[in-house]
file coords_3.cif (mmCIF, C-alpha atoms)
data_protein
loop_
_atom_site.label_atom_id
_atom_site.label_comp_id
_atom_site.auth_asym_id
_atom_site.auth_seq_id
_atom_site.Cartn_x
_atom_site.Cartn_y
_atom_site.Cartn_z
CA MET J 1 -1.32 67.46 134.52
CA SER J 2 -0.69 70.67 132.62
CA SER J 3 2.03 68.84 130.64
CA ALA J 4 -0.76 68.01 128.19
CA PHE J 5 -1.09 71.69 127.21
CA PRO J 6 1.47 72.67 124.58
CA PRO J 7 3.28 75.80 125.90
CA ALA J 8 2.17 77.92 122.90
CA LEU J 9 -1.45 77.06 123.72
CA SER J 10 -1.03 77.81 127.44
CA ARG J 11 0.46 81.18 126.58
CA LEU J 12 -2.46 82.15 124.34
CA ILE J 13 -4.96 80.93 126.95
CA LYS J 14 -3.27 83.12 129.58
CA ASN J 15 -3.48 86.15 127.27
CA LEU J 16 -7.12 85.52 126.35
CA GLU J 17 -8.06 85.27 130.05
CA ARG J 18 -7.39 89.02 130.27
CA LEU J 19 -10.48 89.73 128.16
CA PRO J 20 -13.48 90.87 130.20
CA GLY J 21 -15.61 88.01 131.53
CA VAL J 22 -13.31 85.32 130.12
CA GLY J 23 -12.12 82.60 132.49
CA GLU J 24 -9.82 79.64 131.89
CA LYS J 25 -12.53 77.45 130.32
CA THR J 26 -13.70 80.08 127.82
CA ALA J 27 -10.12 81.07 127.00
CA THR J 28 -9.30 77.41 126.32
CA ARG J 29 -12.35 77.12 124.06
CA PHE J 30 -11.30 80.27 122.16
CA ALA J 31 -7.69 79.08 121.79
CA LEU J 32 -8.71 75.64 120.51
CA GLN J 33 -11.08 77.28 118.04
CA ILE J 34 -8.35 79.61 116.76
CA LEU J 35 -6.11 76.56 116.32
CA ARG J 36 -8.86 74.94 114.27
CA TRP J 37 -9.22 77.99 111.98
CA PRO J 38 -7.42 78.16 108.65
CA LYS J 39 -4.08 79.90 109.18
CA ALA J 40 -5.18 82.89 107.05
CA GLN J 41 -8.11 83.54 109.38
CA ALA J 42 -5.86 83.53 112.44
CA GLN J 43 -3.47 85.91 110.65
CA GLU J 44 -6.34 88.26 109.84
CA LEU J 45 -7.22 88.37 113.57
CA VAL J 46 -3.56 89.02 114.40
CA ARG J 47 -3.35 91.92 111.94
CA SER J 48 -6.58 93.52 113.16
CA ILE J 49 -5.36 93.49 116.78
CA ALA J 50 -1.89 94.71 115.80
CA GLU J 51 -3.14 97.72 113.84
CA LEU J 52 -5.69 98.71 116.50
CA HIS J 53 -3.35 100.67 118.75
CA ASP J 54 -1.50 102.22 115.81
CA LYS J 55 -4.59 103.46 114.00
CA ILE J 56 -6.91 104.53 116.78
CA GLY J 57 -6.49 107.53 119.04
CA LEU J 58 -8.79 109.87 120.99
CA CYS J 59 -10.92 112.55 119.32
CA SER J 60 -9.67 115.90 120.66
CA ILE J 61 -13.24 117.22 121.01
CA CYS J 62 -15.33 114.38 122.50
CA PHE J 63 -12.50 111.95 123.48
CA THR J 64 -14.02 108.87 121.86
CA PHE J 65 -11.82 106.33 120.09
CA SER J 66 -11.35 107.37 116.48
CA GLU J 67 -9.05 106.90 113.50
CA ARG J 68 -9.47 110.56 112.55
CA ASP J 69 -9.36 113.72 114.65
CA PRO J 70 -12.00 115.08 115.04
CA CYS J 71 -14.04 111.86 114.99
CA PRO J 72 -16.76 111.37 112.33
CA VAL J 73 -19.49 112.50 114.76
CA CYS J 74 -17.73 115.71 115.81
CA ALA J 75 -16.75 116.39 112.17
CA ASP J 76 -20.34 115.95 110.94
CA THR J 77 -21.65 119.46 110.21
CA LYS J 78 -25.23 118.17 110.22
CA ARG J 79 -25.11 117.33 113.97
CA ASP J 80 -26.65 119.68 116.52
CA THR J 81 -23.66 121.24 118.28
CA SER J 82 -25.82 122.82 120.99
CA VAL J 83 -26.51 119.51 122.76
CA VAL J 84 -23.81 117.35 124.38
CA CYS J 85 -24.51 113.82 125.62
CA VAL J 86 -22.08 112.74 128.36
CA VAL J 87 -21.30 109.00 128.40
CA GLU J 88 -18.95 106.81 130.42
CA ASN J 89 -17.19 105.01 127.60
CA PRO J 90 -16.77 104.87 123.81
CA GLY J 91 -18.88 101.68 123.91
CA ASP J 92 -21.84 103.67 125.27
CA LEU J 93 -21.41 106.21 122.47
CA LEU J 94 -21.45 103.39 119.91
CA ALA J 95 -24.63 101.93 121.46
CA LEU J 96 -26.39 105.31 121.28
CA GLU J 97 -25.24 105.86 117.70
CA LYS J 98 -26.55 102.43 116.71
CA ALA J 99 -29.93 103.34 118.23
CA GLY J 100 -29.77 106.47 116.04
CA ALA J 101 -31.92 108.43 118.52
CA PHE J 102 -29.48 111.28 119.18
CA ARG J 103 -28.41 113.96 116.71
CA GLY J 104 -26.17 116.07 118.95
CA ARG J 105 -22.54 115.51 119.92
CA TYR J 106 -20.95 113.49 122.72
CA HIS J 107 -18.45 113.76 125.52
CA VAL J 108 -16.73 110.59 126.72
CA LEU J 109 -15.64 110.57 130.39
CA HIS J 110 -13.58 107.35 130.15
CA GLY J 111 -14.92 105.94 133.39
CA VAL J 112 -16.96 106.86 136.46
CA LEU J 113 -15.99 108.34 139.79
CA ALA J 114 -14.66 105.60 142.08
CA PRO J 115 -12.86 107.20 145.03
CA MET J 116 -12.04 103.77 146.54
CA GLU J 117 -10.08 102.90 143.40
CA GLY J 118 -8.43 106.32 143.24
CA ILE J 119 -10.57 107.56 140.34
CA GLY J 120 -11.52 111.15 141.08
CA PRO J 121 -12.66 113.98 138.77
CA ASP J 122 -9.06 114.49 137.57
CA GLN J 123 -8.84 110.92 136.25
CA LEU J 124 -11.92 111.48 134.04
CA LYS J 125 -12.43 113.93 131.16
CA ILE J 126 -14.43 116.28 133.43
CA ARG J 127 -12.17 119.34 133.21
CA GLU J 128 -12.33 118.95 129.42
CA LEU J 129 -16.15 118.91 129.59
CA LEU J 130 -16.25 122.14 131.61
CA GLU J 131 -13.85 123.72 129.09
CA ARG J 132 -16.16 122.71 126.23
CA ILE J 133 -19.14 124.31 127.99
CA GLN J 134 -17.25 127.61 128.15
CA LYS J 135 -15.78 127.43 124.65
CA GLU J 136 -18.61 125.95 122.57
CA ASP J 137 -22.16 127.30 122.29
CA ILE J 138 -23.82 124.52 124.29
CA ARG J 139 -27.46 124.81 125.36
CA GLU J 140 -28.06 121.41 126.99
CA VAL J 141 -25.94 118.70 128.61
CA ILE J 142 -27.59 115.25 128.75
CA LEU J 143 -26.05 113.05 131.45
CA ALA J 144 -26.16 109.51 130.08
CA THR J 145 -23.99 107.60 132.55
CA SER J 146 -25.22 104.15 133.63
CA SER J 147 -27.96 103.63 136.22
CA THR J 148 -25.41 102.10 138.59
CA VAL J 149 -24.43 103.55 141.96
CA ALA J 150 -21.16 104.89 140.50
CA GLY J 151 -22.92 106.15 137.35
CA GLU J 152 -25.57 108.00 139.37
CA ALA J 153 -22.92 109.50 141.66
CA THR J 154 -20.91 110.68 138.65
CA SER J 155 -24.01 112.28 137.13
CA ALA J 156 -24.88 113.99 140.42
CA PHE J 157 -21.32 115.36 140.65
CA LEU J 158 -21.46 116.63 137.06
CA ALA J 159 -24.89 118.25 137.59
CA GLU J 160 -23.46 120.11 140.59
CA SER J 161 -20.31 121.15 138.69
CA LEU J 162 -22.32 122.37 135.69
CA LYS J 163 -24.68 124.54 137.75
CA LYS J 164 -22.68 127.74 137.52
CA TYR J 165 -22.40 127.66 133.71
CA GLY J 166 -26.10 128.42 133.15
CA VAL J 167 -26.54 125.42 130.87
CA GLN J 168 -29.58 123.10 130.95
CA VAL J 169 -28.62 119.76 132.52
CA THR J 170 -30.81 116.67 132.00
CA ARG J 171 -30.53 113.00 132.96
CA ILE J 172 -31.66 110.09 130.73
CA ALA J 173 -34.81 108.37 131.99
CA CYS J 174 -34.74 105.30 134.20
CA GLY J 175 -37.61 102.80 133.79
CA ILE J 176 -38.78 99.43 132.51
CA PRO J 177 -36.78 98.35 129.42
CA MET J 178 -38.83 97.90 126.23
CA GLY J 179 -40.22 94.38 125.91
CA MET J 180 -39.49 93.47 129.51
CA ASP J 181 -42.14 91.74 131.57
CA LEU J 182 -42.99 93.89 134.61
CA LYS J 183 -42.63 90.96 136.98
CA TYR J 184 -38.93 90.54 136.10
CA ALA J 185 -38.02 94.16 136.85
CA ASP J 186 -36.21 94.83 140.13
CA GLN J 187 -37.74 96.95 142.91
CA MET J 188 -35.54 99.98 142.31
CA THR J 189 -36.42 100.08 138.61
CA LEU J 190 -40.14 99.71 139.33
CA GLN J 191 -39.95 102.52 141.89
CA LYS J 192 -38.12 104.80 139.41
CA ALA J 193 -40.54 103.87 136.62
CA LEU J 194 -43.53 104.79 138.81
CA GLU J 195 -41.98 108.08 139.92
CA ALA J 196 -41.20 109.05 136.33
CA ARG J 197 -44.66 108.10 134.98
CA THR J 198 -45.97 110.30 132.16
CA SER J 199 -49.58 111.21 131.34
CA TYR J 200 -51.24 109.68 128.27
CA MET Y 201 -25.10 104.80 112.34
CA SER Y 202 -22.02 102.61 111.98
CA SER Y 203 -20.01 105.72 110.99
CA ALA Y 204 -19.22 106.03 114.69
CA PHE Y 205 -17.18 102.79 114.63
CA PRO Y 206 -13.62 103.43 113.46
CA PRO Y 207 -12.93 100.95 110.60
CA ALA Y 208 -10.01 99.33 112.47
CA LEU Y 209 -12.34 98.63 115.39
CA SER Y 210 -15.11 97.24 113.15
CA ARG Y 211 -12.61 94.93 111.51
CA LEU Y 212 -11.40 93.51 114.83
CA ILE Y 213 -14.99 93.12 116.06
CA LYS Y 214 -15.85 91.15 112.89
CA ASN Y 215 -12.85 88.87 113.46
CA LEU Y 216 -13.63 88.34 117.15
CA GLU Y 217 -17.21 87.39 116.30
CA ARG Y 218 -15.81 84.19 114.77
CA LEU Y 219 -14.90 82.91 118.24
CA PRO Y 220 -17.36 80.32 119.63
CA GLY Y 221 -20.30 81.85 121.48
CA VAL Y 222 -19.20 85.43 120.77
CA GLY Y 223 -21.78 87.78 119.25
CA GLU Y 224 -21.47 91.41 118.22
CA LYS Y 225 -21.93 92.78 121.76
CA THR Y 226 -19.27 90.55 123.34
CA ALA Y 227 -16.89 91.12 120.42
CA THR Y 228 -17.33 94.89 120.85
CA ARG Y 229 -16.62 94.59 124.57
CA PHE Y 230 -13.47 92.53 123.85
CA ALA Y 231 -12.26 94.98 121.18
CA LEU Y 232 -12.77 98.04 123.40
CA GLN Y 233 -10.94 96.26 126.22
CA ILE Y 234 -7.99 95.43 123.95
CA LEU Y 235 -7.91 99.10 122.91
CA ARG Y 236 -7.74 100.05 126.58
CA TRP Y 237 -4.82 97.67 127.27
CA PRO Y 238 -1.24 98.93 127.23
CA LYS Y 239 0.17 98.42 123.73
CA ALA Y 240 2.66 95.81 124.99
CA GLN Y 241 -0.17 93.62 126.29
CA ALA Y 242 -1.97 93.75 122.94
CA GLN Y 243 1.30 92.86 121.20
CA GLU Y 244 1.78 89.88 123.50
CA LEU Y 245 -1.69 88.61 122.50
CA VAL Y 246 -0.82 89.17 118.84
CA ARG Y 247 2.41 87.17 119.14
CA SER Y 248 0.75 84.29 120.97
CA ILE Y 249 -1.91 83.93 118.25
CA ALA Y 250 0.64 84.32 115.47
CA GLU Y 251 2.94 81.57 116.75
CA LEU Y 252 0.09 79.16 117.47
CA HIS Y 253 -0.30 77.73 113.97
CA ASP Y 254 3.45 77.67 113.39
CA LYS Y 255 4.31 75.82 116.57
CA ILE Y 256 1.45 73.40 117.01
CA GLY Y 257 0.70 70.36 114.89
CA LEU Y 258 -0.98 66.97 115.39
CA CYS Y 259 0.63 64.13 117.33
CA SER Y 260 1.14 61.28 114.84
CA ILE Y 261 0.00 58.70 117.43
CA CYS Y 262 -3.07 60.17 119.18
CA PHE Y 263 -3.74 63.19 116.89
CA THR Y 264 -4.00 65.74 119.68
CA PHE Y 265 -2.58 69.25 119.23
CA SER Y 266 1.07 69.26 120.26
CA GLU Y 267 4.31 71.20 119.81
CA ARG Y 268 6.27 67.94 119.71
CA ASP Y 269 5.63 64.68 117.89
CA PRO Y 270 4.82 62.39 119.64
CA CYS Y 271 2.97 64.55 122.17
CA PRO Y 272 4.07 64.55 125.84
CA VAL Y 273 1.38 61.99 126.78
CA CYS Y 274 2.29 59.52 124.01
CA ALA Y 275 6.02 60.06 124.70
CA ASP Y 276 5.61 59.40 128.43
CA THR Y 277 7.00 55.90 129.05
CA LYS Y 278 5.21 55.72 132.40
CA ARG Y 279 1.75 55.74 130.76
CA ASP Y 280 -0.16 52.48 130.32
CA THR Y 281 -0.02 51.80 126.58
CA SER Y 282 -2.57 48.97 126.78
CA VAL Y 283 -5.53 51.32 127.35
CA VAL Y 284 -6.71 53.91 124.82
CA CYS Y 285 -9.30 56.56 125.69
CA VAL Y 286 -11.15 57.84 122.62
CA VAL Y 287 -12.24 61.51 122.83
CA GLU Y 288 -13.90 63.92 120.42
CA ASN Y 289 -11.48 66.83 120.66
CA PRO Y 290 -8.12 67.92 122.10
CA GLY Y 291 -10.11 69.99 124.61
CA ASP Y 292 -11.66 66.81 126.02
CA LEU Y 293 -8.18 65.28 126.35
CA LEU Y 294 -7.00 68.37 128.25
CA ALA Y 295 -10.02 68.18 130.59
CA LEU Y 296 -9.32 64.51 131.36
CA GLU Y 297 -5.60 65.22 131.90
CA LYS Y 298 -6.45 68.05 134.31
CA ALA Y 299 -8.66 65.64 136.27
CA GLY Y 300 -5.61 63.36 136.40
CA ALA Y 301 -7.81 60.25 136.60
CA PHE Y 302 -6.49 58.43 133.53
CA ARG Y 303 -3.01 56.94 133.12
CA GLY Y 304 -3.38 55.38 129.66
CA ARG Y 305 -3.06 57.02 126.26
CA TYR Y 306 -5.62 58.84 124.09
CA HIS Y 307 -7.03 58.89 120.58
CA VAL Y 308 -8.56 62.14 119.32
CA LEU Y 309 -11.32 61.75 116.70
CA HIS Y 310 -11.52 65.49 115.84
CA GLY Y 311 -15.31 65.55 115.82
CA VAL Y 312 -18.34 63.29 115.90
CA LEU Y 313 -20.33 61.57 113.18
CA ALA Y 314 -22.79 64.06 111.64
CA PRO Y 315 -24.10 62.64 108.35
CA MET Y 316 -26.32 65.70 107.77
CA GLU Y 317 -23.22 67.91 107.77
CA GLY Y 318 -21.26 65.47 105.61
CA ILE Y 319 -19.10 64.20 108.49
CA GLY Y 320 -18.80 60.44 108.09
CA PRO Y 321 -16.20 57.97 109.45
CA ASP Y 322 -13.67 59.11 106.82
CA GLN Y 323 -13.75 62.70 108.10
CA LEU Y 324 -12.76 61.54 111.61
CA LYS Y 325 -9.61 59.75 112.80
CA ILE Y 326 -11.44 56.40 112.88
CA ARG Y 327 -9.33 54.54 110.30
CA GLU Y 328 -6.28 55.66 112.29
CA LEU Y 329 -7.84 54.23 115.49
CA LEU Y 330 -8.44 50.85 113.85
CA GLU Y 331 -4.85 50.85 112.59
CA ARG Y 332 -3.59 51.54 116.12
CA ILE Y 333 -5.62 48.61 117.48
CA GLN Y 334 -3.88 46.30 115.00
CA LYS Y 335 -0.40 47.77 115.40
CA GLU Y 336 -0.18 48.48 119.13
CA ASP Y 337 -0.75 46.02 121.97
CA ILE Y 338 -4.08 47.47 123.13
CA ARG Y 339 -6.23 45.62 125.66
CA GLU Y 340 -9.04 48.11 126.26
CA VAL Y 341 -10.64 50.99 124.35
CA ILE Y 342 -12.59 53.44 126.53
CA LEU Y 343 -15.14 55.41 124.49
CA ALA Y 344 -15.27 58.86 126.08
CA THR Y 345 -17.29 60.85 123.54
CA SER Y 346 -19.89 63.27 124.92
CA SER Y 347 -23.30 62.13 126.18
CA THR Y 348 -24.95 63.95 123.28
CA VAL Y 349 -26.98 62.27 120.55
CA ALA Y 350 -24.05 62.61 118.11
CA GLY Y 351 -21.55 61.51 120.75
CA GLU Y 352 -23.58 58.41 121.64
CA ALA Y 353 -24.04 57.54 117.95
CA THR Y 354 -20.30 57.88 117.34
CA SER Y 355 -19.53 55.61 120.30
CA ALA Y 356 -22.08 53.03 119.11
CA PHE Y 357 -20.50 53.09 115.64
CA LEU Y 358 -17.00 52.68 117.11
CA ALA Y 359 -18.12 49.81 119.41
CA GLU Y 360 -19.50 48.02 116.35
CA SER Y 361 -16.35 48.67 114.27
CA LEU Y 362 -14.07 47.48 117.08
CA LYS Y 363 -15.93 44.18 117.61
CA LYS Y 364 -13.84 42.10 115.23
CA TYR Y 365 -10.51 43.11 116.79
CA GLY Y 366 -11.12 41.17 120.04
CA VAL Y 367 -10.39 44.20 122.19
CA GLN Y 368 -12.40 45.13 125.30
CA VAL Y 369 -14.59 48.16 124.55
CA THR Y 370 -16.04 50.24 127.41
CA ARG Y 371 -18.07 53.45 127.63
CA ILE Y 372 -17.61 56.14 130.32
CA ALA Y 373 -20.46 56.21 132.85
CA CYS Y 374 -23.44 58.52 132.50
CA GLY Y 375 -25.01 59.77 135.75
CA ILE Y 376 -25.54 62.65 138.15
CA PRO Y 377 -22.56 65.05 138.12
CA MET Y 378 -20.72 65.41 141.46
CA GLY Y 379 -22.23 68.12 143.63
CA MET Y 380 -25.38 68.41 141.56
CA ASP Y 381 -28.73 68.52 143.28
CA LEU Y 382 -30.86 65.58 142.08
CA LYS Y 383 -33.83 67.83 141.37
CA TYR Y 384 -31.90 69.77 138.74
CA ALA Y 385 -30.90 66.68 136.76
CA ASP Y 386 -32.81 66.02 133.53
CA GLN Y 387 -34.97 62.91 133.06
CA MET Y 388 -32.57 61.13 130.73
CA THR Y 389 -29.67 61.56 133.16
CA LEU Y 390 -31.78 60.34 136.10
CA GLN Y 391 -32.87 57.31 134.09
CA LYS Y 392 -29.27 56.50 133.12
CA ALA Y 393 -28.08 57.06 136.69
CA LEU Y 394 -30.69 54.61 138.02
CA GLU Y 395 -29.90 51.99 135.41
CA ALA Y 396 -26.19 52.20 136.18
CA ARG Y 397 -26.62 52.08 139.97
CA THR Y 398 -23.87 50.26 141.88
CA SER Y 399 -24.14 48.30 145.12
CA TYR Y 400 -22.67 49.78 148.31
#
call {"tool": "encode", "arguments": {"input": "coords_3.cif", "output": "structure tokens"}}
result
Amino acid sequence: MSSAFPPALSRLIKNLERLPGVGEKTATRFALQILRWPKAQAQELVRSIAELHDKIGLCSICFTFSERDPCPVCADTKRDTSVVCVVENPGDLLALEKAGAFRGRYHVLHGVLAPMEGIGPDQLKIRELLERIQKEDIREVILATSSTVAGEATSAFLAESLKKYGVQVTRIACGIPMGMDLKYADQMTLQKALEARTSY
Amino acid sequence: MSSAFPPALSRLIKNLERLPGVGEKTATRFALQILRWPKAQAQELVRSIAELHDKIGLCSICFTFSERDPCPVCADTKRDTSVVCVVENPGDLLALEKAGAFRGRYHVLHGVLAPMEGIGPDQLKIRELLERIQKEDIREVILATSSTVAGEATSAFLAESLKKYGVQVTRIACGIPMGMDLKYADQMTLQKALEARTSY
């Protein structure tokens, strides 16, 4: 009985369903909420989406999303340029910056190796990383891809590729997340956490 | 270290956080996904939000969101005009229409009674419901508000208000949802389901 959906609403719902993790029910809830907003608030959302693609491009050094080139992190002269942290996506970079635990620079791969989906080294910013290693004075490369199968495989590939450049290559630690009860951790994480134990 | 967020991205994230159930993390995920979309797809989303408020208004009979007035349900001459199903929101109407189990017409309250938040009978479409009862030839009013405390209170208030109009007032059944394992049902639902048991 889709006749009850006004076409303008159905169209928005269809578009919202393209967001990650959003199904028909959530998209419908979003659309009805937007309809309930004051018109000015909906227009503000419209403008912020519209200007996104126009304003934001890739940083020519680290390839993160940025309004300026180089991005604020790469342009910051107070950052340690001898350490590069390799991440999968701009979102990972943002998460690390929010944590404020890293003072070096980044390199964004824009994905992980996924041969089954046709994503090989050439589809990621891997060649650009190797170029940076040769061009910049980099001492250490920290591989901070996710602890997923694809993330681990990508890190292993990068570690192998970086061997011949005489640069130190490290991998972020895998273990029990802070504040997590041990009994809720999965077997793989527990195993990794035990292997990587440190002395008091 | 919010300097890593381009301002255009931060602005969109702030706007997306106004969607129901969306926090900063989900909003960031949505915004990064939109940035990853082809520009045409982002523009299509922009257009569909922009036209929403211009195209959609309230049906003057049942007060649901609609591009036409009266809405397709109220305009449908094949619907049973002697039964009115009262729902909280247009979303509830859409859910019932999708189920296809109701052939009468609707009345959308646009909320539930919430005295603590200043939402009394005058803030809902209750006066309009009572006017319909007097104007239209209505035999039965089905109260289909949610089984929440506020929903039950609103239905009780409506049942009381409708008494003097000599119209049959019913309430949708409360019980175990289809396909739900009995052991996962809460006590109140089990109690209601037992009370409302029917003979085979």
call {"tool": "residues_around", "arguments": {"input": "coords_3.cif", "residues": "Val84 in chain J", "least_positions_apart": "4", "cutoff": "7 Å", "atoms": "only C-alpha atoms", "output": "PyMOL selection string"}}
result
chain J and resi 104-107+140-142
call {"tool": "write_last_selection", "arguments": {"input": "coords_3.cif", "atoms": "C-alpha atoms", "output": "PDB file, in the frame of the given file"}}
result
ATOM      1  CA  GLY J 104     -26.170 116.070 118.950  1.00  0.00           C
ATOM      2  CA  ARG J 105     -22.540 115.510 119.920  1.00  0.00           C
ATOM      3  CA  TYR J 106     -20.950 113.490 122.720  1.00  0.00           C
ATOM      4  CA  HIS J 107     -18.450 113.760 125.520  1.00  0.00           C
ATOM      5  CA  GLU J 140     -28.060 121.410 126.990  1.00  0.00           C
ATOM      6  CA  VAL J 141     -25.940 118.700 128.610  1.00  0.00           C
ATOM      7  CA  ILE J 142     -27.590 115.250 128.750  1.00  0.00           C
TER       8      ILE J 142
END
call {"tool": "residues_near_point", "arguments": {"input": "coords_3.cif", "point": "(-20.1, 103.9, 122.5)", "cutoff": "12 Å", "atoms": "only C-alpha atoms", "output": "PyMOL selection string"}}
result
(chain J and resi 62-66+73+85-100+106-110+144-145) or (chain Y and resi 201-206+209+225+228-229+231-232)
call {"tool": "resolve_selection", "arguments": {"input": "coords_3.cif", "expression": "the PyMOL selection byres ((chain J and resi 168) around 8)", "output": "number ranges by chain"}}
result
J: 139-141, 166-167, 169-170
call {"tool": "write_last_selection", "arguments": {"input": "coords_3.cif", "atoms": "C-alpha atoms", "output": "mmCIF file, keeping the file's coordinate frame"}}
result
data_model
loop_
_atom_site.group_PDB
_atom_site.id
_atom_site.type_symbol
_atom_site.label_atom_id
_atom_site.label_comp_id
_atom_site.auth_asym_id
_atom_site.auth_seq_id
_atom_site.Cartn_x
_atom_site.Cartn_y
_atom_site.Cartn_z
ATOM 1 C CA ARG J 139 -27.460 124.810 125.360
ATOM 2 C CA GLU J 140 -28.060 121.410 126.990
ATOM 3 C CA VAL J 141 -25.940 118.700 128.610
ATOM 4 C CA GLY J 166 -26.100 128.420 133.150
ATOM 5 C CA VAL J 167 -26.540 125.420 130.870
ATOM 6 C CA VAL J 169 -28.620 119.760 132.520
ATOM 7 C CA THR J 170 -30.810 116.670 132.000
#
call {"tool": "resolve_selection", "arguments": {"input": "coords_3.cif", "expression": "the PyMOL selection byres ((chain Y and resi 375) around 7)", "output": "list of chain:residue names"}}
result
Y:Ala373, Y:Cys374, Y:Ile376, Y:Pro377, Y:Thr389, Y:Leu390, Y:Lys392, Y:Ala393
call {"tool": "closest_residue", "arguments": {"input": "coords_3.cif", "among": "J:Leu52, J:Val83, J:Met188, J:Leu113", "to": "chain Y", "atoms": "all atoms listed in the file"}}
result
J:Leu52
